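Student: There's a structure below that I have some questions on.
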Protein chains: 2
Amino acid sequence: MTNQLTAALSYAQEHKDQILDELIEFVRIPSVSTDPKKKTEMQRAAQWVANHLLSLGFENVKILPTARHPVVYGESLKAGSDKPTVLIYGHYDVQPAEPLELWGIPPFEPTKHGENLYGRGASDMKGQVVASLKAVEAYAHTGDLPINVKFIIEGEEEIGSPSLEKFLTENKDLLSCDFAINPDTGMIGADTPTITYGLRGLAYFELRVTGPEHDLHSGIFGGAVHNPAQALCELIAGMHDENGRVTLPGYYDSVRSLDDEERAELARLPLDETFYLEQTGAPELFGETGYTAYERVGARPTLEVNGLLSGFTGEGAKTVLPAKAMAKISMRLVPDQNPDEVYKQLKRYLEENAPPTIHWELEDLNQGDAAITDCNMPGVVALSQAMETTWGKKPVYKREGGSVPVVAQMQKILGIESVLTGFGLQDDNLHAPNEKIHLPTFFNGIDTFIRYLDILGE
Amino acid sequence: MTNQLTAALSYAQEHKDQILDELIEFVRIPSVSTDPKKKTEMQRAAQWVANHLLSLGFENVKILPTARHPVVYGESLKAGSDKPTVLIYGHYDVQPAEPLELWGIPPFEPTKHGENLYGRGASDMKGQVVASLKAVEAYAHTGDLPINVKFIIEGEEEIGSPSLEKFLTENKDLLSCDFAINPDTGMIGADTPTITYGLRGLAYFELRVTGPEHDLHSGIFGGAVHNPAQALCELIAGMHDENGRVTLPGYYDSVRSLDDEERAELARLPLDETFYLEQTGAPELFGETGYTAYERVGARPTLEVNGLLSGFTGEGAKTVLPAKAMAKISMRLVPDQNPDEVYKQLKRYLEENAPPTIHWELEDLNQGDAAITDCNMPGVVALSQAMETTWGKKPVYKREGGSVPVVAQMQKILGIESVLTGFGLQDDNLHAPNEKIHLPTFFNGIDTFIRYLDILGE
């Protein structure tokens with residue numbers, strides 16, 4: 001072990017309390033990117049990251065504006081041109097906290113219970129951003145960074161990174177590097193270090209159905225017109241067949257199929273039916289016939305209803321025949337599906353299936369491509385070694401059901417691969433009430449990053 | 001014309017401004033019975049009615065408590081036992097005003113535009129209550145009432161009159177009368193006086209579907225479990241077949257069929273497809289195959305979705321796989337369907353069709369029987385004469401798609417028939433934003449009531 005590595009690991013060990021305090025400070029900022037009323041909070045979160053980079057001696061630190069929320073950039077190139085340059089990607093924005101009544105704590109007042117820190121964004125991904133910043137700090141405060149590091153921390157990941165493509169295109173030179181590290185995926189378990197090699201893409205829509213021009217009395221007009229809420233339900237019900245397959249025309253045409261070898265590899269992960277039953281609490285599992293639950297989540301495309309709203313939803317009874325009904329509908333995509341094609345498929349489904357008794361309107365809310373990484377690239381191999389040292393065991397390789405559109409964008413625009421990892425756990429309640437991060441795993445994550453930087457510098 | 005009738009009609013004519021001011025005063029009270037926060041307003045509205053009865057010299061005026069909102073009672077029996085006694089029914093409660101953003105005025109700040117007075121409850125049915133009170137006032141302030149009159153004005157009609165059955169049972173003697181007048185139904189047009197002889201019943205439910213124990217990330221878990229919003233849509237979509245018929249088991253078994261004679265009568269009303277298209281603004285009409293729109297509304301049972309709620313419904317995108325989904329579902333019933341039977345039919349439908357991948361829960365929110373009135377009873381004949389004098393034409397007889405459960409309850413408990421009328425118009429936006437009452441028709445209603453009381457006293 002180099003002296004530098006030893007010193008950096010000791011630093012992290014000795015500053016645990018301070019690191020936790022700073023994580024709490026970061027999580028306390030309600031940086032909800034989808035909420036127009038949180039613009040100031042978004043700015044505060046970006047500034048928090050920038051200040052941190054400055055305190056680490058990073059250069060060229062800037063908060064770069066985009067159409068909506070800014071990107072924070074900073075670099076440390078002192079290791080020199082014979083050392084590799086990595087780009088660490090993260091995001092400072094978080095999901096909305098609603099429904100608030102299901103939280104055990106106020107979501108932006110981070111609270112430690114046992115081994116966990118609760119709070120919106122603790123795991124996704126402020127904890128991950130802090131882990132990477134603190135690994136760098138461990139070197140910066142004890143000596144020199146073994147490699148060149150650039151940080152790019154954006155503020156629009158939770159709304160689908162709409163400004164990032166333009167940003168990457170306009171800042172190609174600034175962002176030039178050997179590969180990217182993206183710690184926005186999670187671990188299978190606290191004792192199972194994990195590297196992700198596949199990500200699903202996303203296509204997210206709002207479907208609005210209208211019928212009568214205004215709400216009607218369900219007695220006086222019920223029987224005369226097509227109820228838009230009913231029509232919406234009929235359209236949604238038709239989007240899956242009896243085998244749980246999505247019925248949009250052409251939906252599976254460009255889906256890359258799983259070969260037997262990969263299916264066998266995936267089957268070895270501890271992600272069986274019991275796991276999904278326990279994690280979800282659902283009475284039974286459900287999905288596309290012919291695939292295991294994990295295959296359906298990791299390697300097959302889906303279509304989910306994310307929200308429904310129509311008519312009277314308060315307490316008691318109101319005999320209204322609603323004038324309109326709305327659904328948020330999104331698809332998780334796999335290689336080689338294309339979100340633009342999926343938009344056309346959904347539109348064609350609606351054109352073919354919506355009855356003339358209603359009007360409909362489809363809004364494209366955001367999208368991202370699916371991605372697959374090569375597990376033999378040096379950046380993955382080095383991470384695997386760092387993990388093995390930290391946990392005393394080799395990492396597992398998994399596909400992730402979630403979407404990180406930036407991975408495909410960096411591949412396309414910057415020509416670089418991303419190493420996907422992260423130290424969140426499956427039960428961290430991402431995007432749900434009571435989000436939390438497991439602190440022992442978070443600190444293992446810092447140690448892993450410290451070792452990873454060291455190996456990359458050799 | 002008797003001197004008394006002449007004097008009463010003149011009184012109404014001369015006090016139009018004052019009558020309008022008092023209607024505005026009454027509509028200004030936001031007596032929303034379904035809203036637990038409006039308990040004080042409900043009390044105020046009841047007191048308003050009681051004060052009015054006292055000012056007319058009514059006796060035995062009282063605000064009688066029930067489990068939820070009180071009933072106002074008052075009587076004038078001075079006409080003597082050789083004159084008939086009628087029970088005038090009304091309600092002082094109103095529907096919720098939401099969605100507020102679709103109103104052109106604040107819903108509880110009644111505002112006159114042209115010939116209409118806008119405000120929640122103006123037509124349903126504070127205007128009708130005021131019309132009957134003012135007809136009585138016209139006699140009370142110019143001489144004597146030609147018949148005995150009892151008023152019963154309740155506060156729970158818009159939530160299905162849950163306390164009324166008990167109230168009627170406990171106050172049978174107090175309420176004894178020859179027949180009831182119920183002005184809670186409307187007119188086909190401002191120049192078409194209307195008597196209603198059929199009403200639909202109501203069965204209203206909340207259906208709650210749950211799946212996972214908490215909201216899930218649609219990427220990490222999408223594909224593993226049955227989305228409750230999707231499952232709810234599938235259940236709702238299955239509640240109608242391709243002919244627009246309700247599929248609940250046994251739903252049509254006790255539906256009284258329309259004979260050719262009645263169908264021919266109903267076909268003469270000016271309620272054709274064009275009427276329903278204009279009133280609703282729907283792109284096309286829709287409903288049970290084999291029946292006209294008016295038959296479907298007036299004489300056939302329906303099933304409507306009154307509300308839908310699940311997951312994320314705010315602006316933008318949230319990739320949540322919701323833990324639960326809710327629908328408000330109600331059926332309009334016709335003779336001889338029974339709401340309790342319909343509850344069992346819906347339950348059986350769910351038992352037979354809900355998949356094991358979700359849980360469901362059904363709450364019975366309220367119900368009421370359908371009703372049919374004999375058009376040859378003296379109270380109907382007298383009203384017909386009063387209408388003919390006011391409008392210069394005979395009234396039409398119609399079936400109403402709405403529900404007035406009290407009609408069936410009074411028949412069952414008090415053994416009395418109800419004469420169903422009212423001076424609201426089809427475009428009054430009942431239960432919808434921008435509810436209004438047409439003032440010339442409202443004043444014609446007062447004149448009609450004055451003449452009606454006179455004829456009944458002969």
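Going through the structure tokens in order, the chains are called A, B, and so on, while each chain numbers its residues from 1 and the ligands are numbered from 1 in the order shown.
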Return as a PyMOL selection string the full set of residues in segment 120-337 of chain A whose backbone-based DSSP assignment is alpha helix (DSSP H).

Tutor: chain A and resi 127-140+164-170+228-237+260-267+273-280+293-299

Student: Compile a residue-level contact table for chain B against chain A at a cut-off of 6 Å, reporting for every qualifying residue the shortest atom pair and its distance in Å to one decimal, with only C-alpha atoms counted, rows ordered by chain and ascending number, as JSON lines.

Tutor:
```
{"residue": "B:Gly211", "atom": "CA", "partner": "A:Ala282", "partner_atom": "CA", "distance": 5.1}
{"residue": "B:Pro212", "atom": "CA", "partner": "A:Ala282", "partner_atom": "CA", "distance": 4.1}
{"residue": "B:Glu213", "atom": "CA", "partner": "A:Gly281", "partner_atom": "CA", "distance": 4.9}
{"residue": "B:Asp215", "atom": "CA", "partner": "A:Ala432", "partner_atom": "CA", "distance": 5.4}
{"residue": "B:His217", "atom": "CA", "partner": "A:His431", "partner_atom": "CA", "distance": 5.6}
{"residue": "B:Gly219", "atom": "CA", "partner": "A:Gly402", "partner_atom": "CA", "distance": 3.7}
{"residue": "B:Ile220", "atom": "CA", "partner": "A:Gly401", "partner_atom": "CA", "distance": 4.7}
{"residue": "B:Gly222", "atom": "CA", "partner": "A:Val297", "partner_atom": "CA", "distance": 5.8}
{"residue": "B:Gly223", "atom": "CA", "partner": "A:Val297", "partner_atom": "CA", "distance": 4.9}
{"residue": "B:Ala224", "atom": "CA", "partner": "A:Ala293", "partner_atom": "CA", "distance": 4.9}
{"residue": "B:Val225", "atom": "CA", "partner": "A:Phe286", "partner_atom": "CA", "distance": 4.5}
{"residue": "B:His226", "atom": "CA", "partner": "A:Phe286", "partner_atom": "CA", "distance": 5.1}
{"residue": "B:Cys233", "atom": "CA", "partner": "A:Cys233", "partner_atom": "CA", "distance": 4.3}
{"residue": "B:Glu234", "atom": "CA", "partner": "A:Ala237", "partner_atom": "CA", "distance": 4.6}
{"residue": "B:Ala237", "atom": "CA", "partner": "A:Glu234", "partner_atom": "CA", "distance": 4.6}
{"residue": "B:Thr280", "atom": "CA", "partner": "A:Pro212", "partner_atom": "CA", "distance": 5.0}
{"residue": "B:Gly281", "atom": "CA", "partner": "A:Glu213", "partner_atom": "CA", "distance": 4.9}
{"residue": "B:Ala282", "atom": "CA", "partner": "A:Pro212", "partner_atom": "CA", "distance": 4.1}
{"residue": "B:Pro283", "atom": "CA", "partner": "A:Thr357", "partner_atom": "CA", "distance": 5.5}
{"residue": "B:Glu284", "atom": "CA", "partner": "A:Thr357", "partner_atom": "CA", "distance": 4.6}
{"residue": "B:Leu285", "atom": "CA", "partner": "A:Val225", "partner_atom": "CA", "distance": 4.7}
{"residue": "B:Phe286", "atom": "CA", "partner": "A:Val225", "partner_atom": "CA", "distance": 4.5}
{"residue": "B:Gly287", "atom": "CA", "partner": "A:Gly223", "partner_atom": "CA", "distance": 5.4}
{"residue": "B:Ala293", "atom": "CA", "partner": "A:Ala224", "partner_atom": "CA", "distance": 4.9}
{"residue": "B:Arg296", "atom": "CA", "partner": "A:Gly223", "partner_atom": "CA", "distance": 5.0}
{"residue": "B:Val297", "atom": "CA", "partner": "A:Gly223", "partner_atom": "CA", "distance": 4.9}
{"residue": "B:Thr302", "atom": "CA", "partner": "A:Gly223", "partner_atom": "CA", "distance": 5.9}
{"residue": "B:Asn306", "atom": "CA", "partner": "A:Val320", "partner_atom": "CA", "distance": 5.4}
{"residue": "B:Gly307", "atom": "CA", "partner": "A:Gly311", "partner_atom": "CA", "distance": 4.2}
{"residue": "B:Leu308", "atom": "CA", "partner": "A:Ser310", "partner_atom": "CA", "distance": 4.8}
{"residue": "B:Leu309", "atom": "CA", "partner": "A:Leu309", "partner_atom": "CA", "distance": 4.7}
{"residue": "B:Ser310", "atom": "CA", "partner": "A:Leu308", "partner_atom": "CA", "distance": 4.8}
{"residue": "B:Gly311", "atom": "CA", "partner": "A:Gly307", "partner_atom": "CA", "distance": 4.2}
{"residue": "B:Phe312", "atom": "CA", "partner": "A:Gly307", "partner_atom": "CA", "distance": 4.6}
{"residue": "B:Thr313", "atom": "CA", "partner": "A:Gly307", "partner_atom": "CA", "distance": 5.4}
{"residue": "B:Val320", "atom": "CA", "partner": "A:Asn306", "partner_atom": "CA", "distance": 5.4}
{"residue": "B:Leu321", "atom": "CA", "partner": "A:Asn306", "partner_atom": "CA", "distance": 5.6}
{"residue": "B:Thr357", "atom": "CA", "partner": "A:Glu284", "partner_atom": "CA", "distance": 4.6}
{"residue": "B:Gly401", "atom": "CA", "partner": "A:Gly219", "partner_atom": "CA", "distance": 4.6}
{"residue": "B:Gly402", "atom": "CA", "partner": "A:Gly219", "partner_atom": "CA", "distance": 3.7}
{"residue": "B:His431", "atom": "CA", "partner": "A:His217", "partner_atom": "CA", "distance": 5.6}
{"residue": "B:Ala432", "atom": "CA", "partner": "A:Asp215", "partner_atom": "CA", "distance": 5.4}
```

Student: Keeping N, CA and C atoms for every residue in the selection just given, could you write it to a file as a tab-separated table (two decimals), in the first residue's frame?

Tutor:
```tsv
chain	number	residue	atom	x	y	z
B	211	GLY	N	-51.19	-2.74	-4.17
B	211	GLY	CA	-50.28	-3.79	-4.65
B	211	GLY	C	-49.07	-3.84	-3.76
B	212	PRO	N	-47.97	-3.19	-4.17
B	212	PRO	CA	-46.80	-3.15	-3.28
B	212	PRO	C	-47.15	-2.39	-2.00
B	213	GLU	N	-46.33	-2.61	-0.97
B	213	GLU	CA	-46.62	-1.98	0.33
B	213	GLU	C	-46.31	-0.49	0.34
B	215	ASP	N	-44.81	2.97	-2.43
B	215	ASP	CA	-44.47	3.37	-3.79
B	215	ASP	C	-43.09	2.83	-4.16
B	217	HIS	N	-39.79	2.53	-7.19
B	217	HIS	CA	-39.11	3.14	-8.33
B	217	HIS	C	-39.50	2.30	-9.55
B	219	GLY	N	-38.20	2.04	-12.34
B	219	GLY	CA	-37.08	1.39	-13.02
B	219	GLY	C	-36.63	0.16	-12.27
B	220	ILE	N	-36.45	0.30	-10.97
B	220	ILE	CA	-35.88	-0.77	-10.16
B	220	ILE	C	-36.87	-1.93	-9.97
B	222	GLY	N	-40.13	-1.96	-11.88
B	222	GLY	CA	-41.09	-2.08	-12.98
B	222	GLY	C	-40.83	-3.33	-13.81
B	223	GLY	N	-41.83	-4.22	-13.85
B	223	GLY	CA	-41.67	-5.50	-14.52
B	223	GLY	C	-41.83	-6.64	-13.53
B	224	ALA	N	-41.68	-6.32	-12.23
B	224	ALA	CA	-41.76	-7.39	-11.23
B	224	ALA	C	-43.16	-7.53	-10.66
B	225	VAL	N	-43.90	-6.44	-10.55
B	225	VAL	CA	-45.20	-6.49	-9.87
B	225	VAL	C	-46.29	-5.88	-10.73
B	226	HIS	N	-47.52	-6.17	-10.35
B	226	HIS	CA	-48.69	-5.64	-11.05
B	226	HIS	C	-48.91	-4.21	-10.56
B	233	CYS	N	-57.38	0.13	-13.78
B	233	CYS	CA	-57.88	0.42	-15.14
B	233	CYS	C	-58.43	-0.84	-15.79
B	234	GLU	N	-57.75	-1.96	-15.60
B	234	GLU	CA	-58.21	-3.22	-16.18
B	234	GLU	C	-59.57	-3.61	-15.61
B	237	ALA	N	-62.16	-1.12	-17.02
B	237	ALA	CA	-62.42	-1.37	-18.44
B	237	ALA	C	-63.35	-2.57	-18.63
B	280	THR	N	-73.62	18.70	-23.86
B	280	THR	CA	-72.39	18.13	-23.29
B	280	THR	C	-71.14	18.61	-24.01
B	281	GLY	N	-71.27	18.92	-25.30
B	281	GLY	CA	-70.08	19.27	-26.07
B	281	GLY	C	-69.20	18.07	-26.37
B	282	ALA	N	-69.71	16.87	-26.13
B	282	ALA	CA	-68.92	15.67	-26.42
B	282	ALA	C	-68.78	15.50	-27.94
B	283	PRO	N	-67.65	14.92	-28.39
B	283	PRO	CA	-67.46	14.75	-29.84
B	283	PRO	C	-68.50	13.83	-30.47
B	284	GLU	N	-68.91	12.79	-29.72
B	284	GLU	CA	-69.97	11.89	-30.19
B	284	GLU	C	-70.69	11.38	-28.95
B	285	LEU	N	-71.91	10.90	-29.13
B	285	LEU	CA	-72.60	10.28	-28.00
B	285	LEU	C	-72.16	8.82	-27.87
B	286	PHE	N	-72.50	8.22	-26.75
B	286	PHE	CA	-72.01	6.88	-26.44
B	286	PHE	C	-72.93	6.26	-25.41
B	287	GLY	N	-73.15	4.98	-25.50
B	287	GLY	CA	-73.92	4.31	-24.46
B	287	GLY	C	-74.43	2.96	-24.93
B	293	ALA	N	-80.33	8.17	-26.63
B	293	ALA	CA	-79.59	8.81	-25.55
B	293	ALA	C	-80.52	9.12	-24.38
B	296	ARG	N	-81.42	6.08	-22.47
B	296	ARG	CA	-80.28	5.63	-21.67
B	296	ARG	C	-80.15	6.46	-20.40
B	297	VAL	N	-80.42	7.76	-20.53
B	297	VAL	CA	-80.29	8.65	-19.37
B	297	VAL	C	-81.47	8.49	-18.41
B	302	THR	N	-76.88	2.88	-15.50
B	302	THR	CA	-75.53	3.15	-16.01
B	302	THR	C	-74.50	2.86	-14.92
B	306	ASN	N	-66.57	8.34	-11.36
B	306	ASN	CA	-66.70	9.73	-10.92
B	306	ASN	C	-65.36	10.33	-10.53
B	307	GLY	N	-64.37	9.47	-10.31
B	307	GLY	CA	-63.05	9.98	-9.93
B	307	GLY	C	-62.00	8.90	-10.02
B	308	LEU	N	-60.77	9.32	-10.31
B	308	LEU	CA	-59.62	8.42	-10.38
B	308	LEU	C	-58.45	9.10	-9.71
B	309	LEU	N	-57.68	8.37	-8.91
B	309	LEU	CA	-56.48	8.95	-8.32
B	309	LEU	C	-55.44	7.87	-8.05
B	310	SER	N	-54.24	8.12	-8.55
B	310	SER	CA	-53.14	7.21	-8.26
B	310	SER	C	-51.82	7.90	-8.55
B	311	GLY	N	-50.81	7.58	-7.75
B	311	GLY	CA	-49.44	7.97	-8.05
B	311	GLY	C	-49.20	9.47	-8.15
B	312	PHE	N	-48.35	9.84	-9.09
B	312	PHE	CA	-47.91	11.23	-9.24
B	312	PHE	C	-48.80	11.93	-10.25
B	313	THR	N	-49.41	13.05	-9.82
B	313	THR	CA	-50.33	13.74	-10.72
B	313	THR	C	-49.97	15.21	-10.87
B	320	VAL	N	-42.61	6.90	-10.61
B	320	VAL	CA	-43.06	6.10	-9.48
B	320	VAL	C	-43.96	4.97	-9.97
B	321	LEU	N	-43.82	3.82	-9.32
B	321	LEU	CA	-44.77	2.74	-9.52
B	321	LEU	C	-45.65	2.79	-8.27
B	357	THR	N	-52.72	-10.71	-7.88
B	357	THR	CA	-51.52	-9.87	-7.79
B	357	THR	C	-51.77	-8.55	-7.08
B	401	GLY	N	-82.83	11.46	-15.14
B	401	GLY	CA	-81.70	10.56	-14.93
B	401	GLY	C	-81.10	10.64	-13.55
B	402	GLY	N	-81.35	11.77	-12.88
B	402	GLY	CA	-80.80	11.96	-11.54
B	402	GLY	C	-81.52	11.14	-10.49
B	431	HIS	N	-73.95	20.46	-10.23
B	431	HIS	CA	-72.80	19.63	-9.82
B	431	HIS	C	-71.55	19.96	-10.62
B	432	ALA	N	-71.53	21.07	-11.32
B	432	ALA	CA	-70.41	21.41	-12.20
B	432	ALA	C	-70.03	22.87	-11.95
```

Student: Running DSSP on the backbone, which parts of segment 226-424 of chain B land in strand (DSSP E or B), as a VMD selection string?

Tutor: chain B and resid 240 246 302 to 311 320 to 321 324 to 333 359 to 368 371 to 372 396 to 400 418 to 420 424

Student: List the spatial neighbours of Gln409 of chain A as a PyMOL selection string - criterion: any atom at most 9 Å away, only C-alpha atoms, same-chain residues fewer than 5 positions off excluded.

Tutor: chain A and resi 164-165+168+368-369+414-415

Student: Write the residues of the preceding selection, restricted to C-alpha atoms, as a PDB file, in the first residue's frame.

Tutor:
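In the end it all went to result-v9.pdb:
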```
ATOM      1  CA  LEU A 164     -27.448  17.680 -20.722  1.00  0.00           C
ATOM      2  CA  GLU A 165     -27.194  16.648 -24.350  1.00  0.00           C
ATOM      3  CA  LEU A 168     -22.138  17.861 -23.437  1.00  0.00           C
ATOM      4  CA  GLY A 368     -33.388   8.492 -22.491  1.00  0.00           C
ATOM      5  CA  ASP A 369     -31.658   5.644 -24.260  1.00  0.00           C
ATOM      6  CA  LEU A 414     -18.058  12.426 -25.818  1.00  0.00           C
ATOM      7  CA  GLY A 415     -17.176   8.996 -27.154  1.00  0.00           C
TER       8      GLY A 415
END
```

Student: Determine, counting only C-alpha atoms, which protein, DNA and RNA residues have an atom within 7 Å of an atom of Val71 of chain B; residues of the same chain fewer than 6 positions away are not included. Present the result as a PyMOL selection string.

Tutor: chain B and resi 63-65+152-155

Student: Would you save the residues of that selection, restricted to C-alpha atoms, as a PDB file, in the first residue's frame?

Tutor:
```pdb
ATOM      1  CA  ILE B  63     -83.859  22.645  13.632  1.00  0.00           C
ATOM      2  CA  LEU B  64     -83.826  18.939  14.329  1.00  0.00           C
ATOM      3  CA  PRO B  65     -80.417  17.310  14.747  1.00  0.00           C
ATOM      4  CA  ILE B 152     -88.982  19.736   5.603  1.00  0.00           C
ATOM      5  CA  ILE B 153     -85.633  21.079   4.384  1.00  0.00           C
ATOM      6  CA  GLU B 154     -82.744  18.693   4.931  1.00  0.00           C
ATOM      7  CA  GLY B 155     -78.970  19.139   4.788  1.00  0.00           C
TER       8      GLY B 155
END
```

Student: Which residues come within 6 Å of Pro335 of chain B, counting only C-alpha atoms, excluding same-chain residues fewer than 5 positions away, as a VMD selection string?

Tutor: chain B and resid 255 to 256 370

Student: What would the file look like if the residues just selected were written as an mmCIF file, in the first residue's frame with C-alpha atoms?

Tutor:
```cif
data_model
loop_
_atom_site.group_PDB
_atom_site.id
_atom_site.type_symbol
_atom_site.label_atom_id
_atom_site.label_comp_id
_atom_site.auth_asym_id
_atom_site.auth_seq_id
_atom_site.Cartn_x
_atom_site.Cartn_y
_atom_site.Cartn_z
ATOM 1 C CA VAL B 255 -84.493 -3.725 -14.668
ATOM 2 C CA ARG B 256 -88.086 -2.855 -15.626
ATOM 3 C CA ALA B 370 -85.288 4.608 -8.107
#
```

Student: Tell me, as number ranges by chain, which residues lie within 10 Å of Tyr11 of chain B, counting only C-alpha atoms; anything in the same chain fewer than 5 positions away does not count.

Tutor: B: 5-6, 16, 134-135, 137-139, 141-142

Student: Restricted to C-alpha atoms, what would the selected residues look like written as a short mmCIF file (atom, residue, chain, number, x, y, z; two decimals), in the first residue's frame?

Tutor:
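Output below, filename selection.cif:
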```cif
data_model
loop_
_atom_site.label_atom_id
_atom_site.label_comp_id
_atom_site.auth_asym_id
_atom_site.auth_seq_id
_atom_site.Cartn_x
_atom_site.Cartn_y
_atom_site.Cartn_z
CA LEU B 5 -104.66 34.67 -5.56
CA THR B 6 -104.58 38.08 -7.23
CA LYS B 16 -88.87 40.65 -7.21
CA LYS B 134 -91.70 32.98 -1.48
CA ALA B 135 -94.96 31.50 -2.86
CA GLU B 137 -94.81 34.35 1.74
CA ALA B 138 -96.97 35.86 -0.99
CA TYR B 139 -100.02 34.46 0.82
CA HIS B 141 -98.09 38.69 3.74
CA THR B 142 -101.40 39.34 1.91
#
```

Student: From the list B:Leu362, B:Val27, B:Leu133, B:Val32, which residue is nearest His52 of chain B when using only C-alpha atoms?

Tutor: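 Answer, going by the shortest atom-to-atom distance: B:Leu133.
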
Student: Leaving out Gly127 of chain B and any residue of its chain fewer than 5 positions from it, which residues lie within 9 Å of it when counting only C-alpha atoms, given as a ChimeraX atom specification?

Tutor: /B:23,26-27,121-122,132,423-424,437,442

Student: Next, write the just-selected residues to a file, as a tab-separated table (two decimals), in the first residue's frame, keeping C-alpha atoms as the atom set.

Tutor:
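File again.tsv, as written:
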```tsv
chain	number	residue	atom	x	y	z
B	23	LEU	CA	-81.82	34.16	-2.88
B	26	PHE	CA	-78.92	32.06	0.81
B	27	VAL	CA	-76.55	31.02	-2.02
B	121	GLY	CA	-76.54	25.78	-5.28
B	122	ALA	CA	-78.42	28.56	-7.14
B	132	SER	CA	-91.52	27.66	-2.61
B	423	PHE	CA	-87.56	25.33	-12.24
B	424	GLY	CA	-83.95	24.58	-13.02
B	437	ILE	CA	-80.38	29.64	-12.27
B	442	PHE	CA	-87.35	31.11	-11.26
```
